[in-house]
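Q: Dropping in input-v5.tsv, which is TSV, C-alpha atoms:
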chain	number	residue	atom	x	y	z
C	10	MET	CA	-38.17	-15.51	2.03
C	11	ARG	CA	-37.23	-19.10	2.85
C	12	ASN	CA	-35.55	-19.39	-0.55
C	13	PHE	CA	-33.51	-16.25	0.12
C	14	LEU	CA	-32.39	-17.55	3.50
C	15	ARG	CA	-31.42	-20.91	2.04
C	16	ALA	CA	-29.41	-19.17	-0.68
C	17	THR	CA	-27.64	-16.98	1.85
C	18	GLY	CA	-26.79	-19.94	4.07
C	19	LEU	CA	-25.32	-21.91	1.19
C	20	ALA	CA	-23.11	-19.02	0.09
C	21	LEU	CA	-21.86	-18.45	3.63
C	22	ALA	CA	-21.05	-22.11	4.07
C	23	VAL	CA	-19.03	-22.24	0.85
C	24	GLY	CA	-17.24	-19.00	1.68
C	25	ALA	CA	-16.38	-20.03	5.23
C	26	GLY	CA	-14.74	-23.19	3.97
C	27	LEU	CA	-12.68	-21.56	1.27
C	28	THR	CA	-11.48	-18.57	3.29
C	29	SER	CA	-10.21	-20.56	6.26
C	30	CYS	CA	-6.56	-20.68	5.11
C	31	TYR	CA	-5.71	-17.04	4.63
C	32	PRO	CA	-2.42	-15.20	5.35
C	33	GLU	CA	-2.44	-13.67	8.78
C	34	ARG	CA	-1.52	-10.11	9.62
C	35	ALA	CA	1.16	-10.06	12.30
C	36	SER	CA	-0.25	-9.32	15.73
C	37	GLN	CA	2.84	-7.28	16.50
C	38	PRO	CA	3.67	-5.10	13.50
C	39	THR	CA	7.27	-4.51	14.61
C	40	VAL	CA	8.15	-8.00	13.37
C	41	TYR	CA	8.29	-6.47	9.90
C	42	ASN	CA	11.90	-5.50	9.23
C	43	SER	CA	12.23	-2.80	6.64
C	44	VAL	CA	14.60	-0.43	4.91
C	45	THR	CA	13.20	2.91	3.84
C	46	THR	CA	14.99	5.44	1.70
C	47	VAL	CA	13.74	8.84	0.60
C	48	TYR	CA	15.56	11.40	-1.44
C	49	ASP	CA	15.38	14.84	-2.95
C	50	THR	CA	14.44	14.24	-6.57
C	51	LEU	CA	16.00	17.58	-7.55
C	52	MET	CA	19.44	16.57	-6.32
C	53	ALA	CA	22.04	15.73	-8.97
C	54	PHE	CA	24.01	13.15	-7.05
C	55	ASP	CA	26.53	12.77	-9.84
C	56	SER	CA	27.42	16.44	-9.71
C	57	VAL	CA	29.29	16.19	-6.41
C	58	SER	CA	32.38	14.20	-5.60
C	59	THR	CA	33.43	14.31	-1.96
C	60	PHE	CA	31.80	13.33	1.29
C	61	TYR	CA	32.44	13.66	4.97
C	62	ILE	CA	31.34	11.26	7.67
C	63	PRO	CA	32.10	11.83	11.36
C	64	ASP	CA	33.73	9.29	13.66
C	65	SER	CA	30.70	8.91	15.90
C	66	VAL	CA	27.07	7.87	15.59
C	67	VAL	CA	24.43	10.15	17.08
C	68	HIS	CA	22.04	8.39	19.45
C	69	LEU	CA	18.65	10.04	19.15
C	70	GLY	CA	15.96	10.48	21.71
C	71	GLY	CA	16.98	10.94	25.31
C	72	SER	CA	18.54	8.51	27.75
C	73	ASP	CA	20.76	6.09	25.95
C	74	ASN	CA	20.43	2.36	26.50
C	75	ILE	CA	21.70	1.33	23.08
C	76	SER	CA	25.18	-0.05	22.77
C	77	HIS	CA	27.80	1.97	20.91
C	78	VAL	CA	29.66	-1.17	19.97
C	79	TYR	CA	28.34	-0.99	16.42
C	80	ASP	CA	29.12	2.66	15.77
C	81	SER	CA	32.36	1.97	13.98
C	82	LEU	CA	30.75	-0.74	11.84
C	83	ILE	CA	27.93	1.60	10.77
C	84	ILE	CA	30.38	4.35	9.84
C	85	ALA	CA	32.76	2.02	8.03
C	86	ARG	CA	30.01	0.33	6.00
C	87	THR	CA	28.39	3.62	5.06
C	88	ALA	CA	31.70	5.12	4.01
C	89	ALA	CA	32.60	2.01	2.02
C	90	SER	CA	29.26	2.16	0.21
C	91	MET	CA	29.87	5.77	-0.76
C	92	ILE	CA	33.37	5.01	-1.99
C	93	ALA	CA	32.01	2.12	-4.03
C	94	ARG	CA	29.69	4.60	-5.75
C	95	GLY	CA	32.65	6.73	-6.77
C	96	TYR	CA	32.78	9.38	-4.05
C	97	THR	CA	35.91	10.44	-2.21
C	98	ARG	CA	36.00	10.62	1.55
C	99	VAL	CA	37.49	13.75	3.08
C	100	VAL	CA	38.27	14.46	6.71
C	101	ASP	CA	37.41	18.16	6.71
C	102	PRO	CA	33.66	18.81	6.58
C	103	LEU	CA	34.32	22.31	5.25
C	104	THR	CA	35.72	20.88	2.04
C	105	ALA	CA	33.07	18.17	1.52
C	106	ASP	CA	30.21	18.28	-0.98
C	107	LEU	CA	28.15	15.80	1.00
C	108	ALA	CA	27.95	15.11	4.73
C	109	LEU	CA	26.63	11.81	6.02
C	110	HIS	CA	25.41	11.52	9.58
C	111	PRO	CA	24.45	8.06	10.86
C	112	ALA	CA	22.19	7.94	13.90
C	113	VAL	CA	20.53	5.28	16.02
C	114	THR	CA	17.21	5.79	17.72
C	115	VAL	CA	17.13	4.97	21.40
C	116	LYS	CA	13.37	5.20	21.72
C	117	ASP	CA	10.36	4.77	19.51
C	118	TYR	CA	10.61	7.71	17.21
C	119	ASP	CA	8.09	9.79	15.39
C	120	TYR	CA	9.78	11.37	12.44
C	121	GLU	CA	7.09	13.99	12.11
C	122	SER	CA	7.83	15.66	15.44
C	123	SER	CA	11.07	16.80	14.00
C	124	LEU	CA	12.10	20.16	15.40
C	125	ASP	CA	13.88	18.93	18.52
C	126	ASP	CA	15.18	15.79	16.82
C	127	TRP	CA	16.57	17.65	13.85
C	128	CYS	CA	18.31	19.89	16.37
C	129	ASP	CA	19.69	16.80	18.11
C	130	VAL	CA	21.03	15.38	14.88
C	131	TRP	CA	22.34	18.45	13.18
C	132	GLY	CA	22.61	21.05	15.89
C	133	TRP	CA	26.23	20.38	16.68
C	134	ALA	CA	27.21	21.02	13.08
C	135	TYR	CA	24.63	23.58	11.99
C	136	PRO	CA	23.47	25.71	14.94
C	137	TRP	CA	20.92	27.57	12.84
C	138	ILE	CA	18.69	24.48	12.86
C	139	CYS	CA	18.16	24.89	16.58
C	140	SER	CA	17.29	28.54	16.16
C	141	GLY	CA	13.97	27.79	14.51
C	142	TRP	CA	14.72	27.01	10.91
C	143	ILE	CA	13.17	23.63	10.14
C	144	PRO	CA	14.25	21.55	7.15
C	145	ASP	CA	11.23	20.24	5.31
C	146	TYR	CA	12.85	17.54	3.21
C	147	PRO	CA	11.97	14.90	2.37
C	148	VAL	CA	8.37	15.81	1.62
C	149	ASP	CA	7.15	12.24	1.20
C	150	VAL	CA	7.87	11.27	4.77
C	151	VAL	CA	4.74	12.06	6.71
C	152	GLY	CA	4.16	10.62	10.13
C	153	TYR	CA	6.72	7.90	9.69
C	154	SER	CA	7.88	6.24	12.85
C	155	TYR	CA	10.73	3.98	13.80
C	156	SER	CA	11.15	1.58	16.64
C	157	THR	CA	13.99	1.60	19.11
C	158	GLY	CA	17.29	0.59	17.57
C	159	THR	CA	16.61	1.92	14.10
C	160	ILE	CA	19.58	3.14	12.10
C	161	LEU	CA	19.01	6.45	10.34
C	162	ILE	CA	21.53	7.80	7.86
C	163	PHE	CA	21.13	11.41	6.82
C	164	MET	CA	22.91	12.84	3.80
C	165	ALA	CA	23.24	16.59	3.35
C	166	ASP	CA	24.30	18.47	0.25
C	167	LEU	CA	26.71	21.15	1.34
C	168	SER	CA	28.10	21.93	-2.09
C	169	GLY	CA	25.99	25.04	-2.52
C	170	GLY	CA	26.34	26.32	1.03
C	171	VAL	CA	23.96	25.97	3.93
C	172	PRO	CA	20.91	27.92	5.12
C	173	PRO	CA	20.27	30.70	5.75
C	174	GLY	CA	22.74	31.51	3.00
C	175	VAL	CA	20.75	29.25	0.66
C	176	SER	CA	17.03	28.64	0.77
C	177	ARG	CA	17.14	24.98	-0.10
C	178	PRO	CA	17.27	22.53	2.80
C	179	PRO	CA	20.45	20.49	2.82
C	180	VAL	CA	19.04	17.02	3.48
C	181	VAL	CA	18.93	15.13	0.19
C	182	TRP	CA	18.72	11.50	1.33
C	183	VAL	CA	17.57	9.66	4.41
C	184	ALA	CA	17.80	5.94	5.01
C	185	GLY	CA	15.93	4.20	7.81
C	186	ILE	CA	16.90	0.64	8.69
C	187	ASN	CA	14.24	-0.37	11.07
C	188	GLY	CA	14.70	-1.80	14.52
C	189	ILE	CA	18.02	-3.54	14.05
C	190	ILE	CA	20.05	-2.55	17.05
C	191	SER	CA	18.33	-3.58	20.22
C	192	GLY	CA	19.32	-5.83	23.05
C	193	ASN	CA	22.75	-7.32	23.38
C	194	SER	CA	25.49	-7.44	20.82
C	195	SER	CA	25.95	-10.44	18.58
C	196	GLY	CA	27.36	-11.46	15.25
C	197	ALA	CA	23.83	-11.69	13.90
C	198	LEU	CA	23.22	-8.04	14.63
C	199	ALA	CA	26.44	-7.06	12.88
C	200	SER	CA	25.31	-9.00	9.85
C	201	LYS	CA	21.93	-7.28	9.94
C	202	ILE	CA	23.60	-3.88	10.06
C	203	ILE	CA	25.75	-4.67	7.04
C	204	ASN	CA	22.83	-6.09	5.09
C	205	GLY	CA	20.63	-3.15	6.01
C	206	ILE	CA	23.13	-0.52	4.92
C	207	ASP	CA	23.84	-2.45	1.73
C	208	GLN	CA	20.11	-2.64	1.00
C	209	ALA	CA	19.72	1.10	1.59
C	210	PHE	CA	22.31	1.84	-1.07
C	211	PHE	CA	21.07	-0.93	-3.36
C	212	GLN	CA	17.61	0.61	-3.50
C	213	SER	CA	19.14	4.07	-4.06
C	214	PRO	CA	20.79	3.63	-7.46
C	215	TYR	CA	20.63	7.38	-8.08
C	216	ILE	CA	23.48	7.86	-5.57
C	217	PHE	CA	26.49	7.49	-7.76
C	218	ARG	CA	29.53	9.35	-8.96
C	219	VAL	CA	30.33	6.38	-11.16
C	220	ASN	CA	27.83	3.70	-12.05
C	221	PRO	CA	27.77	1.03	-9.31
U	1	MET	CA	-20.03	16.38	-7.70
U	2	THR	CA	-18.78	13.65	-5.39
U	3	PRO	CA	-18.34	10.07	-6.61
U	4	ARG	CA	-21.04	8.88	-4.21
U	5	PHE	CA	-23.52	11.42	-5.54
U	6	ARG	CA	-22.72	10.45	-9.10
U	7	ALA	CA	-23.27	6.80	-8.21
U	8	ALA	CA	-26.65	7.59	-6.68
U	9	ILE	CA	-27.74	9.40	-9.82
U	10	LEU	CA	-26.57	6.49	-11.90
U	11	LEU	CA	-28.61	4.00	-9.93
U	12	VAL	CA	-31.74	6.09	-10.33
U	13	ALA	CA	-31.02	6.44	-14.04
U	14	LEU	CA	-30.79	2.68	-14.36
U	15	GLY	CA	-34.41	2.51	-13.35
U	16	LEU	CA	-34.30	1.12	-9.86
U	17	ALA	CA	-36.95	3.60	-8.87
U	18	GLY	CA	-38.89	3.20	-12.08
U	19	ALA	CA	-42.06	1.43	-13.10
U	20	VAL	CA	-42.18	-2.32	-12.58
U	21	PRO	CA	-44.49	-4.82	-14.29
U	22	ALA	CA	-47.36	-6.02	-12.13
U	23	ARG	CA	-46.10	-9.62	-12.10
U	24	ALA	CA	-42.49	-8.67	-11.44
U	25	GLN	CA	-40.29	-11.33	-9.95
U	26	VAL	CA	-37.34	-10.73	-7.73
U	27	LEU	CA	-34.13	-12.72	-7.45
U	28	GLY	CA	-32.11	-12.24	-4.32
U	29	GLY	CA	-29.30	-13.94	-2.52
U	30	LEU	CA	-25.67	-14.11	-1.71
U	31	THR	CA	-22.59	-14.71	-3.81
U	32	TYR	CA	-19.21	-16.11	-2.93
U	33	THR	CA	-16.28	-15.03	-5.12
U	34	TRP	CA	-12.66	-15.88	-5.75
U	35	SER	CA	-10.76	-12.93	-7.22
U	36	ASN	CA	-7.47	-12.41	-8.97
U	37	PRO	CA	-5.81	-8.99	-9.08
U	38	ALA	CA	-5.13	-7.34	-12.43
U	39	GLY	CA	-4.15	-3.98	-13.89
U	40	ASP	CA	-2.33	-1.59	-11.59
U	41	LEU	CA	-3.34	-3.64	-8.56
U	42	SER	CA	-1.19	-6.62	-9.56
U	43	GLU	CA	1.49	-4.45	-11.11
U	44	ASN	CA	1.98	-1.99	-8.27
U	45	PHE	CA	0.71	-3.44	-5.03
U	46	LEU	CA	-0.07	-7.13	-4.64
U	47	SER	CA	-0.46	-10.26	-6.71
U	48	ASN	CA	-2.03	-12.77	-4.32
U	49	ASP	CA	-5.46	-14.01	-5.31
U	50	SER	CA	-8.31	-13.61	-2.88
U	51	TRP	CA	-10.47	-16.38	-1.51
U	52	LEU	CA	-12.40	-13.93	0.60
U	53	GLY	CA	-15.23	-12.26	-1.25
U	54	PHE	CA	-18.95	-11.95	-0.82
U	55	SER	CA	-21.69	-9.90	-2.33
U	56	ALA	CA	-25.38	-9.50	-1.67
U	57	GLU	CA	-27.45	-9.00	-4.74
U	58	GLY	CA	-31.03	-8.27	-5.68
U	59	ARG	CA	-32.45	-8.36	-9.20
U	60	ARG	CA	-35.91	-7.36	-10.36
U	61	PHE	CA	-37.35	-8.54	-13.67
U	62	ILE	CA	-38.49	-5.67	-15.86
U	63	SER	CA	-39.17	-8.02	-18.77
U	64	PRO	CA	-39.11	-11.83	-19.01
U	65	ASN	CA	-35.42	-11.81	-19.84
U	66	THR	CA	-34.11	-8.62	-18.30
U	67	THR	CA	-33.39	-7.65	-14.71
U	68	ILE	CA	-32.16	-4.54	-13.05
U	69	GLY	CA	-30.72	-4.64	-9.59
U	70	LEU	CA	-28.22	-3.70	-7.00
U	71	SER	CA	-25.09	-5.51	-5.87
U	72	VAL	CA	-23.15	-4.71	-2.71
U	73	GLY	CA	-19.92	-6.62	-2.28
U	74	TYR	CA	-16.76	-7.11	-0.32
U	75	THR	CA	-13.44	-8.52	-1.51
U	76	ALA	CA	-10.27	-8.69	0.57
U	77	PHE	CA	-6.80	-9.08	-0.90
U	78	TYR	CA	-3.91	-9.86	1.43
U	79	GLU	CA	-0.24	-10.49	0.91
U	80	ASN	CA	2.94	-10.85	2.92
U	81	THR	CA	5.75	-9.72	0.70
U	82	GLU	CA	9.28	-8.40	0.54
U	83	GLU	CA	8.77	-6.73	-2.82
U	84	PRO	CA	9.97	-3.14	-2.59
U	85	LEU	CA	7.34	-0.44	-2.75
U	86	ILE	CA	8.69	2.33	-4.96
U	87	PHE	CA	7.11	5.75	-4.78
U	88	PRO	CA	8.12	9.18	-6.07
U	89	GLY	CA	11.11	10.14	-4.00
U	90	GLY	CA	11.79	6.86	-2.26
U	91	THR	CA	11.59	3.14	-1.71
U	92	VAL	CA	10.45	0.86	1.11
U	93	SER	CA	11.82	-2.67	1.18
U	94	GLY	CA	11.71	-5.54	3.61
U	95	GLU	CA	8.93	-7.58	5.11
U	96	GLN	CA	5.52	-6.06	4.65
U	97	TYR	CA	1.90	-6.95	5.04
U	98	ARG	CA	-0.29	-5.44	2.34
U	99	SER	CA	-4.02	-5.55	2.00
U	100	LEU	CA	-6.73	-4.04	-0.13
U	101	ASN	CA	-10.35	-4.23	0.98
U	102	VAL	CA	-12.80	-3.42	-1.78
U	103	PHE	CA	-16.48	-2.62	-1.33
U	104	PRO	CA	-18.24	-2.26	-4.69
U	105	VAL	CA	-21.76	-0.85	-4.82
U	106	LEU	CA	-23.06	-1.42	-8.32
U	107	GLY	CA	-26.32	-0.94	-10.13
U	108	THR	CA	-26.76	-3.91	-12.43
U	109	VAL	CA	-28.50	-4.90	-15.66
U	110	HIS	CA	-28.67	-8.55	-16.72
U	111	LEU	CA	-29.99	-10.15	-19.91
U	112	TYR	CA	-30.94	-13.84	-19.87
U	113	SER	CA	-30.98	-16.26	-22.77
U	114	LYS	CA	-34.33	-17.63	-23.93
U	115	ALA	CA	-33.06	-21.14	-24.55
U	116	PRO	CA	-35.12	-23.88	-22.85
U	117	GLY	CA	-33.59	-26.24	-20.34
U	118	ARG	CA	-32.07	-26.14	-16.90
U	119	ILE	CA	-28.99	-24.14	-17.86
U	120	GLN	CA	-29.46	-20.51	-18.69
U	121	THR	CA	-26.77	-18.14	-19.89
U	122	TYR	CA	-26.79	-14.49	-18.92
U	123	ILE	CA	-24.69	-11.42	-19.46
U	124	GLY	CA	-24.70	-8.35	-17.34
U	125	ILE	CA	-22.96	-5.19	-16.37
U	126	GLY	CA	-22.65	-3.37	-13.10
U	127	VAL	CA	-21.92	0.32	-12.88
U	128	GLY	CA	-21.26	2.19	-9.69
U	129	VAL	CA	-18.66	3.03	-7.14
U	130	TYR	CA	-15.82	1.10	-5.52
U	131	TYR	CA	-14.73	2.00	-2.02
U	132	MET	CA	-11.14	0.84	-1.54
U	133	LYS	CA	-9.17	0.73	1.68
U	134	GLN	CA	-5.48	0.10	1.16
U	135	LEU	CA	-3.14	-0.80	4.02
U	136	MET	CA	0.52	-1.61	4.42
U	137	ASP	CA	2.36	-2.64	7.59
U	138	VAL	CA	6.06	-2.02	7.37
U	139	GLY	CA	8.24	-1.92	10.46
U	140	PRO	CA	6.21	-0.40	13.27
U	141	THR	CA	4.30	1.77	10.84
U	142	THR	CA	0.90	1.19	9.31
U	143	LEU	CA	0.13	3.20	6.22
U	144	THR	CA	-3.46	3.41	5.02
U	145	THR	CA	-5.43	5.25	2.41
U	146	THR	CA	-9.00	5.12	1.13
U	147	ASN	CA	-10.52	5.96	-2.22
U	148	TRP	CA	-13.98	6.17	-3.80
U	149	ILE	CA	-13.61	5.22	-7.46
U	150	LEU	CA	-16.23	5.04	-10.22
U	151	GLY	CA	-16.14	1.84	-12.23
U	152	PHE	CA	-17.97	-0.88	-14.05
U	153	ALA	CA	-18.02	-4.67	-14.13
U	154	PRO	CA	-19.06	-6.74	-17.18
U	155	GLU	CA	-20.25	-10.20	-16.28
U	156	LEU	CA	-20.94	-13.55	-17.92
U	157	GLY	CA	-22.78	-16.26	-16.01
U	158	PHE	CA	-24.66	-19.53	-16.17
U	159	ILE	CA	-27.62	-20.48	-14.05
U	160	ILE	CA	-27.11	-24.21	-13.73
U	161	ASN	CA	-30.41	-25.28	-12.21
U	162	LYS	CA	-32.99	-22.89	-13.52
U	163	GLY	CA	-36.34	-23.31	-11.86
U	164	ALA	CA	-35.05	-24.82	-8.63
U	165	ARG	CA	-36.08	-23.33	-5.31
U	166	THR	CA	-32.52	-22.10	-4.87
U	167	GLU	CA	-30.95	-21.31	-8.18
U	168	MET	CA	-27.18	-21.55	-8.47
U	169	ALA	CA	-25.11	-19.61	-10.95
U	170	ILE	CA	-21.46	-19.68	-11.89
U	171	PHE	CA	-20.16	-16.43	-13.24
U	172	GLY	CA	-17.10	-14.42	-14.13
U	173	LYS	CA	-16.99	-10.69	-13.57
U	174	TYR	CA	-14.24	-8.25	-14.46
U	175	ASN	CA	-14.14	-5.33	-12.04
U	176	TYR	CA	-12.80	-2.24	-13.71
U	177	PRO	CA	-12.49	0.76	-11.39
U	178	ALA	CA	-11.39	3.86	-13.26
U	179	ASN	CA	-7.82	5.10	-13.25
U	180	ALA	CA	-8.23	7.59	-10.44
U	181	GLY	CA	-7.69	8.13	-6.73
U	182	GLN	CA	-4.50	8.36	-4.78
U	183	TYR	CA	-3.02	5.12	-3.54
U	184	LEU	CA	-0.08	4.52	-1.21
U	185	GLY	CA	2.90	6.06	-2.89
U	186	GLY	CA	0.86	9.03	-4.00
U	187	GLU	CA	-0.12	7.90	-7.47
U	188	SER	CA	-3.46	7.16	-9.10
U	189	GLY	CA	-4.19	3.79	-10.64
U	190	SER	CA	-6.81	1.38	-11.92
U	191	TYR	CA	-6.96	-1.41	-9.35
U	192	GLN	CA	-8.77	-4.05	-11.38
U	193	TYR	CA	-9.58	-7.64	-10.51
U	194	LEU	CA	-11.29	-10.63	-12.05
U	195	SER	CA	-13.88	-12.39	-9.91
U	196	VAL	CA	-15.21	-15.89	-10.44
U	197	GLY	CA	-18.12	-16.71	-8.23
U	198	LEU	CA	-20.92	-18.95	-7.18
U	199	SER	CA	-24.32	-17.37	-6.62
U	200	PHE	CA	-27.14	-18.79	-4.59
U	201	MET	CA	-30.34	-16.97	-5.47
U	202	GLY	CA	-33.87	-17.33	-4.21
U	203	ARG	CA	-36.83	-16.28	-6.35
U	204	ARG	CA	-39.95	-14.53	-5.15
Represent the structure of the file as structure tokens.
A:
Amino acid sequence: MRNFLRATGLALAVGAGLTSCYPERASQPTVYNSVTTVYDTLMAFDSVSTFYIPDSVVHLGGSDNISHVYDSLIIARTAASMIARGYTRVVDPLTADLALHPAVTVKDYDYESSLDDWCDVWGWAYPWICSGWIPDYPVDVVGYSYSTGTILIFMADLSGGVPPGVSRPPVVWVAGINGIISGNSSGALASKIINGIDQAFFQSPYIFRVNP
Amino acid sequence: MTPRFRAAILLVALGLAGAVPARAQVLGGLTYTWSNPAGDLSENFLSNDSWLGFSAEGRRFISPNTTIGLSVGYTAFYENTEEPLIFPGGTVSGEQYRSLNVFPVLGTVHLYSKAPGRIQTYIGIGVGVYYMKQLMDVGPTTLTTTNWILGFAPELGFIINKGARTEMAIFGKYNYPANAGQYLGGESGSYQYLSVGLSFMGRR
């Protein structure tokens, strides 16, 4: 038994020395900035040509303490990214193939509890969402959450009509740029917004009318 | 049949519960390992090597040059990365913390050389089950998944002070979990890794 204990002690001593400089997990996970994109793999993004984007950014989740100063920047950068991919912006949503709806979360947000939030985002444009019909795209997003100040960009395919006229949910792409807009305005935040939107499109090469 | 049940049957089949010579000797002790990811692990999830690995091992001689035994281990891989994680239907990019904690439980067979001297070569193989816990922090979200995977681990080692009260061995072991399970992103894979270790074994 003494030999076993000696062997164990030696191994532990060697291991303790060699494992002492190991990468640490952040104590506060929100320090990890991220860009998440999910899309409908059945969508032929090159089969549509026009898009609509409103003039305002929806602020999700109750009382609003997030500045609107970046709304125009978010809309302009998103629209510019779509144009760069070969799509044409139109001002009438009824004539658009795609509709993009940027949003900013004003509270920590659980994407899974979606009925009310989907209604918040889309209800003004598509009242049937608030009447009980729940979009279930994208299927890979399960229990995802975003911190306050996250930019969400929703893209809907309206080219084939909308439910209940069609059975397929309209949301074909969602981008989540985590936790960017919080606190006071600054040039650094503007830069983060631009970089985040650019990254969302960069990692979504399937969105193109012409090759980017 | 569950993977755990299959592993239990395998251990019994290897003879752990079988007859043992009257003068059987037992080797037991602890092993420290450095590990390097390979296969789908390095290709799909993380590439950092691991300096955090231990295993407890017992071996029983069933002949002068053959042991059977059991090895229970732990290896932790960690990485901070900005490499995008691509999964069917989407991509996550940005700062992330990724980890994979592996707990192999292997039945082992080892064959030892008959050459005289203080250094003794051995080869071995472990067969059993790998419990893997995969984790990724991204933004405020922590994604985790666990898998039980059948696998095997061929091994080559050298006892460098045969006959001492505490024998030390240097070894290399290739851990080869089967291509199975469902890892983050929804796909199966073979999360392999090479371990190089130092064993401290007592003999009774």
Q: Counting all atoms listed in the file, which residue out of U:Thr166, U:Asn36, U:Asn175, U:Ser42 sits closest to chain C?
A: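 Between U:Thr166, U:Asn36, U:Asn175, U:Ser42, the residue approaching chain C most closely is U:Thr166.
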Q: Between C:Phe163, C:Phe217, C:Phe210, C:Tyr79, single out the one closest to Ser56 of chain C, counting all atoms listed in the file.
A: C:Phe217
Q: Give me the chain U side of the contact with chain C, cut-off 10 Å, one line per residue showing its nearest atom pair and distance in Å at one decimal, counting only C-alpha atoms, sorted by chain and residue number, as a Markdown table.
A:
| residue | atom | partner | partner_atom | distance |
| --- | --- | --- | --- | --- |
| U:Leu27 | CA | C:Phe13 | CA | 8.4 |
| U:Gly28 | CA | C:Phe13 | CA | 6.1 |
| U:Gly29 | CA | C:Phe13 | CA | 5.5 |
| U:Leu30 | CA | C:Thr17 | CA | 5.0 |
| U:Thr31 | CA | C:Ala20 | CA | 5.8 |
| U:Tyr32 | CA | C:Ala20 | CA | 5.7 |
| U:Thr33 | CA | C:Gly24 | CA | 7.9 |
| U:Trp34 | CA | C:Leu27 | CA | 9.0 |
| U:Asn48 | CA | C:Pro32 | CA | 10.0 |
| U:Ser50 | CA | C:Thr28 | CA | 8.5 |
| U:Trp51 | CA | C:Thr28 | CA | 5.4 |
| U:Leu52 | CA | C:Thr28 | CA | 5.4 |
| U:Gly53 | CA | C:Gly24 | CA | 7.6 |
| U:Phe54 | CA | C:Gly24 | CA | 7.7 |
| U:Ser55 | CA | C:Ala20 | CA | 9.5 |
| U:Ala56 | CA | C:Thr17 | CA | 8.6 |
| U:Phe77 | CA | C:Tyr31 | CA | 9.8 |
| U:Tyr78 | CA | C:Pro32 | CA | 6.8 |
| U:Glu79 | CA | C:Pro32 | CA | 6.8 |
| U:Asn80 | CA | C:Pro32 | CA | 7.3 |
| U:Glu82 | CA | C:Ser43 | CA | 8.8 |
| U:Pro84 | CA | C:Gln212 | CA | 8.6 |
| U:Leu85 | CA | C:Thr45 | CA | 9.4 |
| U:Ile86 | CA | C:Gln212 | CA | 9.2 |
| U:Phe87 | CA | C:Asp149 | CA | 8.8 |
| U:Pro88 | CA | C:Asp149 | CA | 7.9 |
| U:Gly89 | CA | C:Tyr48 | CA | 5.3 |
| U:Gly90 | CA | C:Val47 | CA | 4.0 |
| U:Thr91 | CA | C:Thr46 | CA | 5.3 |
| U:Val92 | CA | C:Thr45 | CA | 4.4 |
| U:Ser93 | CA | C:Val44 | CA | 5.2 |
| U:Gly94 | CA | C:Ser43 | CA | 4.1 |
| U:Glu95 | CA | C:Tyr41 | CA | 5.0 |
| U:Gln96 | CA | C:Tyr41 | CA | 6.0 |
| U:Tyr97 | CA | C:Arg34 | CA | 6.5 |
| U:Arg98 | CA | C:Arg34 | CA | 8.7 |
| U:Ser99 | CA | C:Arg34 | CA | 9.2 |
| U:Asp137 | CA | C:Pro38 | CA | 6.5 |
| U:Val138 | CA | C:Tyr41 | CA | 5.6 |
| U:Gly139 | CA | C:Tyr41 | CA | 4.6 |
| U:Pro140 | CA | C:Thr39 | CA | 4.5 |
| U:Thr141 | CA | C:Ser154 | CA | 6.1 |
| U:Thr142 | CA | C:Pro38 | CA | 8.0 |
| U:Leu143 | CA | C:Tyr153 | CA | 8.8 |
| U:Ala164 | CA | C:Asn12 | CA | 9.7 |
| U:Arg165 | CA | C:Asn12 | CA | 6.2 |
| U:Thr166 | CA | C:Asn12 | CA | 5.9 |
| U:Glu167 | CA | C:Ala16 | CA | 7.9 |
| U:Met168 | CA | C:Ala16 | CA | 8.4 |
| U:Gly185 | CA | C:Asp149 | CA | 8.5 |
| U:Gly186 | CA | C:Asp149 | CA | 8.8 |
| U:Gly197 | CA | C:Ala20 | CA | 10.0 |
| U:Leu198 | CA | C:Ala20 | CA | 7.6 |
| U:Ser199 | CA | C:Ala20 | CA | 7.0 |
| U:Phe200 | CA | C:Ala16 | CA | 4.5 |
| U:Met201 | CA | C:Ala16 | CA | 5.4 |
| U:Gly202 | CA | C:Phe13 | CA | 4.5 |
| U:Arg203 | CA | C:Asn12 | CA | 6.7 |
| U:Arg204 | CA | C:Met10 | CA | 7.5 |
Q: Quick one: pull the distance between atom CA of Gln134 of chain U and atom CA of Asn147 of chain U, Å, one decimal.
A: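 Separation of atom CA of Gln134 of chain U and atom CA of Asn147 of chain U: 8.4 Å.
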Q: Show which residues sit within 10 Å of Asp64 of chain C, as a PyMOL selection string. Count only C-alpha atoms, and ignore same-chain residues fewer than 6 positions away.
A: chain C and resi 80-81+84-85+100+110-111
Q: Write the selection just made, keeping C-alpha atoms, as an mmCIF file, in the frame of the given file?
A:
data_model
loop_
_atom_site.group_PDB
_atom_site.id
_atom_site.type_symbol
_atom_site.label_atom_id
_atom_site.label_comp_id
_atom_site.auth_asym_id
_atom_site.auth_seq_id
_atom_site.Cartn_x
_atom_site.Cartn_y
_atom_site.Cartn_z
ATOM 1 C CA ASP C 80 29.120 2.660 15.770
ATOM 2 C CA SER C 81 32.360 1.970 13.980
ATOM 3 C CA ILE C 84 30.380 4.350 9.840
ATOM 4 C CA ALA C 85 32.760 2.020 8.030
ATOM 5 C CA VAL C 100 38.270 14.460 6.710
ATOM 6 C CA HIS C 110 25.410 11.520 9.580
ATOM 7 C CA PRO C 111 24.450 8.060 10.860
#
Q: Given all atoms listed in the file as the basis, pick out the residue of C:Val57, C:Thr114, C:His68, C:Ile203 nearest to Gly95 of chain C.
A: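 Closest to Gly95 of chain C of all the choices is C:Val57.
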Q: Kindly give the distance, in Å, that separates atom CA of Leu156 of chain U and atom CA of Ala178 of chain U, rounded to a single decimal.
A: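 Taking atom CA of Leu156 of chain U and atom CA of Ala178 of chain U, their separation equals 20.4 Å.
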